[in-house]
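Visitor: Here it is, the structure in full.
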Amino acid sequence: MSNRRDFIKKTALGTIGVSTVFSCKEITENKQDKAEGVIGSTPTKPLVISTWNHGLPANEETWKRLKQGRSTLDAIEAGMKIPEADPKVRSVGYGGFPDREGKVTLDACIMDHKSNCGSVSFLQGIKHPISIAKRVLQNTPHVMLSGKGALQFALSEGFVEENLLTDEAEKDWKKWLEASKYSPVINIENHDTISMLVLDKNGDISGGCTTSGAAWKMHGRVGDSPIIGAGLFLDNEVGAAAATGLGEAVIRTAGSAMVVELMRQGKSPFEACKEIVERIYNKHKDHKDMEYLQVGFIALNKNGEYAGYSLRSGFNYAVVDETQGNRMEDAQFKMKWDN
Ligand code: ASP
């Protein structure tokens, strides 16, 4: 099973001293021979699906809260807080890779089955951006707060400012500075947002995303993850989708919203994810971003069918349901990294 380490290797973490050369043998083969749309399509409810290996502990926490009868938003928040607090998860919250100025800046959003949304972007100094996004949903008339305003709101809600740059992340950033000579060109990206979709026992859908975004991004850069319609979208009549990968490509194509709209038109979660990945590929094949472009989507529909699909190999997601428990599944993909 692939993991985020594979993904980092393949997304050219040469910037922190790791060779960009990788072997496809390191990647567990996807079961591309399985019939399209079959993977993960057994309808089940309740269901939680989250991106990447750090989705496993997040799912576990969310599942526990759902079983305790807590609200879905509380359950999502509790799940997302696990990778946010884990310094070993280098792409989310505390310990996340900083931007090129050495600042950890965080993006998150959350959305419920009534289409209530809350989002924060370019938030610094707060360990749990998902909690602030939830407070934006619950306690403000707005959908999105950004930068200093988001921080000010977090402090007014009783959250405490803290240093999120771990020694490890600072060391990696300093290495990056040496190798890159502070080049202003963004051609090196490292990703791994956690995006989570939940279908609860009543058949209601909600979701969330949280990330430190692309490593070594320009200061002030905001990715797709806090943008409703790009990094996350749901319509309780239809289903939900969420993204990981190069946020710029997902924003350009309104990725998650489009996956949901295709499901509205009758596509399965698998078909919808695949079609949008194909669209992203077609729009980017002659684009400067193509060399390092990776995007992946997860989606579920009202019936409890779900899927994931990515442009390049290496994307996986965690799924938990009553019958099979909490496990990792590899996404199908359009091409291998050496294509
Ligand atoms: N989509 C995120 C961003 O571009 C990164 C990721 O998914 O890893 O900020």
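Just so we're on the same page: first chain in the structure tokens is A, next is B, and so on; residues restart at 1 for each chain, and ligands are numbered from 1 in the order they show up.
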Taking only C-alpha atoms and all ligand atoms and a cut-off of 10 Å, can you tell me which residues surround ligand 1, written as a PyMOL selection string?
Guide: chain A and resi 4+7-8+51-52+90-92+106-108+189-195+209-215+217+221-226+230-231+242-251+294-297
Visitor: Go ahead and save the residues from that selection, with C-alpha atoms, as a PDB file, in the first residue's frame.
Guide:
```
ATOM      1  CA  ARG A   4       2.471   9.771   1.921  1.00  0.00           C
ATOM      2  CA  PHE A   7       3.930  10.680  -2.474  1.00  0.00           C
ATOM      3  CA  ILE A   8       6.535  13.047  -1.078  1.00  0.00           C
ATOM      4  CA  THR A  51      -7.525  10.974   2.437  1.00  0.00           C
ATOM      5  CA  TRP A  52      -4.135   9.346   3.089  1.00  0.00           C
ATOM      6  CA  ARG A  90       4.200  17.085   7.907  1.00  0.00           C
ATOM      7  CA  SER A  91       1.379  18.397   5.796  1.00  0.00           C
ATOM      8  CA  VAL A  92      -1.257  19.285   8.370  1.00  0.00           C
ATOM      9  CA  LEU A 106      -2.964  26.741   7.676  1.00  0.00           C
ATOM     10  CA  ASP A 107      -6.160  26.286   5.672  1.00  0.00           C
ATOM     11  CA  ALA A 108      -9.292  24.380   6.709  1.00  0.00           C
ATOM     12  CA  GLU A 189       5.334  20.942  -4.121  1.00  0.00           C
ATOM     13  CA  ASN A 190       4.618  18.638  -1.241  1.00  0.00           C
ATOM     14  CA  HIS A 191       1.079  17.829  -0.352  1.00  0.00           C
ATOM     15  CA  ASP A 192      -1.124  15.713   1.803  1.00  0.00           C
ATOM     16  CA  THR A 193      -4.226  17.428   3.028  1.00  0.00           C
ATOM     17  CA  ILE A 194      -6.610  15.432   5.122  1.00  0.00           C
ATOM     18  CA  SER A 195     -10.077  15.654   3.628  1.00  0.00           C
ATOM     19  CA  CYS A 209     -10.493  19.543   5.088  1.00  0.00           C
ATOM     20  CA  THR A 210      -7.399  20.693   6.929  1.00  0.00           C
ATOM     21  CA  THR A 211      -3.876  21.304   5.671  1.00  0.00           C
ATOM     22  CA  SER A 212      -0.669  23.278   5.956  1.00  0.00           C
ATOM     23  CA  GLY A 213      -0.851  23.428   2.172  1.00  0.00           C
ATOM     24  CA  ALA A 214       2.016  23.165  -0.258  1.00  0.00           C
ATOM     25  CA  ALA A 215       5.440  23.150   1.383  1.00  0.00           C
ATOM     26  CA  LYS A 217       4.708  27.975  -0.952  1.00  0.00           C
ATOM     27  CA  ARG A 221      -0.602  31.425  -0.829  1.00  0.00           C
ATOM     28  CA  VAL A 222      -3.952  29.766  -0.226  1.00  0.00           C
ATOM     29  CA  GLY A 223      -4.737  26.390  -1.788  1.00  0.00           C
ATOM     30  CA  ASP A 224      -7.970  24.635  -2.628  1.00  0.00           C
ATOM     31  CA  SER A 225      -8.559  23.100   0.796  1.00  0.00           C
ATOM     32  CA  PRO A 226     -10.414  25.992   2.495  1.00  0.00           C
ATOM     33  CA  ALA A 230     -12.669  23.358  -4.769  1.00  0.00           C
ATOM     34  CA  GLY A 231     -11.156  21.319  -1.910  1.00  0.00           C
ATOM     35  CA  ALA A 242     -12.976  16.326  -1.535  1.00  0.00           C
ATOM     36  CA  ALA A 243      -9.561  16.821  -3.035  1.00  0.00           C
ATOM     37  CA  THR A 244      -5.883  16.489  -2.306  1.00  0.00           C
ATOM     38  CA  GLY A 245      -2.907  17.412  -4.436  1.00  0.00           C
ATOM     39  CA  LEU A 246      -1.954  20.563  -6.272  1.00  0.00           C
ATOM     40  CA  GLY A 247      -4.538  23.047  -5.047  1.00  0.00           C
ATOM     41  CA  GLU A 248      -4.047  25.408  -7.973  1.00  0.00           C
ATOM     42  CA  ALA A 249      -5.257  22.736 -10.399  1.00  0.00           C
ATOM     43  CA  VAL A 250      -8.253  21.904  -8.225  1.00  0.00           C
ATOM     44  CA  ILE A 251      -9.232  25.568  -7.937  1.00  0.00           C
ATOM     45  CA  GLN A 294      -0.847  15.284  -8.769  1.00  0.00           C
ATOM     46  CA  VAL A 295      -4.495  15.505  -7.799  1.00  0.00           C
ATOM     47  CA  GLY A 296      -6.717  12.977  -6.091  1.00  0.00           C
ATOM     48  CA  PHE A 297     -10.406  12.972  -5.196  1.00  0.00           C
TER      49      PHE A 297
END
```
Visitor: Return as a ChimeraX atom specification the full set of residues in range 23-168 of chain A whose backbone-based DSSP assignment is helix (DSSP H, G or I).
Guide: /A:24-26,55-67,72-85,129-139,147-156,167-168
Visitor: Leaving out Ala150 in chain A and any residue of its chain fewer than 6 positions from it, which residues lie within 8 Å of it when counting only C-alpha atoms, given as a VMD selection string?
Guide: chain A and resid 120 to 121 123 132
Visitor: Contacts of Lys88 in chain A at 10 Å or less, counting only C-alpha atoms, minus same-chain residues fewer than 3 places along, as a ChimeraX atom specification?
Guide: /A:54,83-85,91-92,94-96,166,168-169
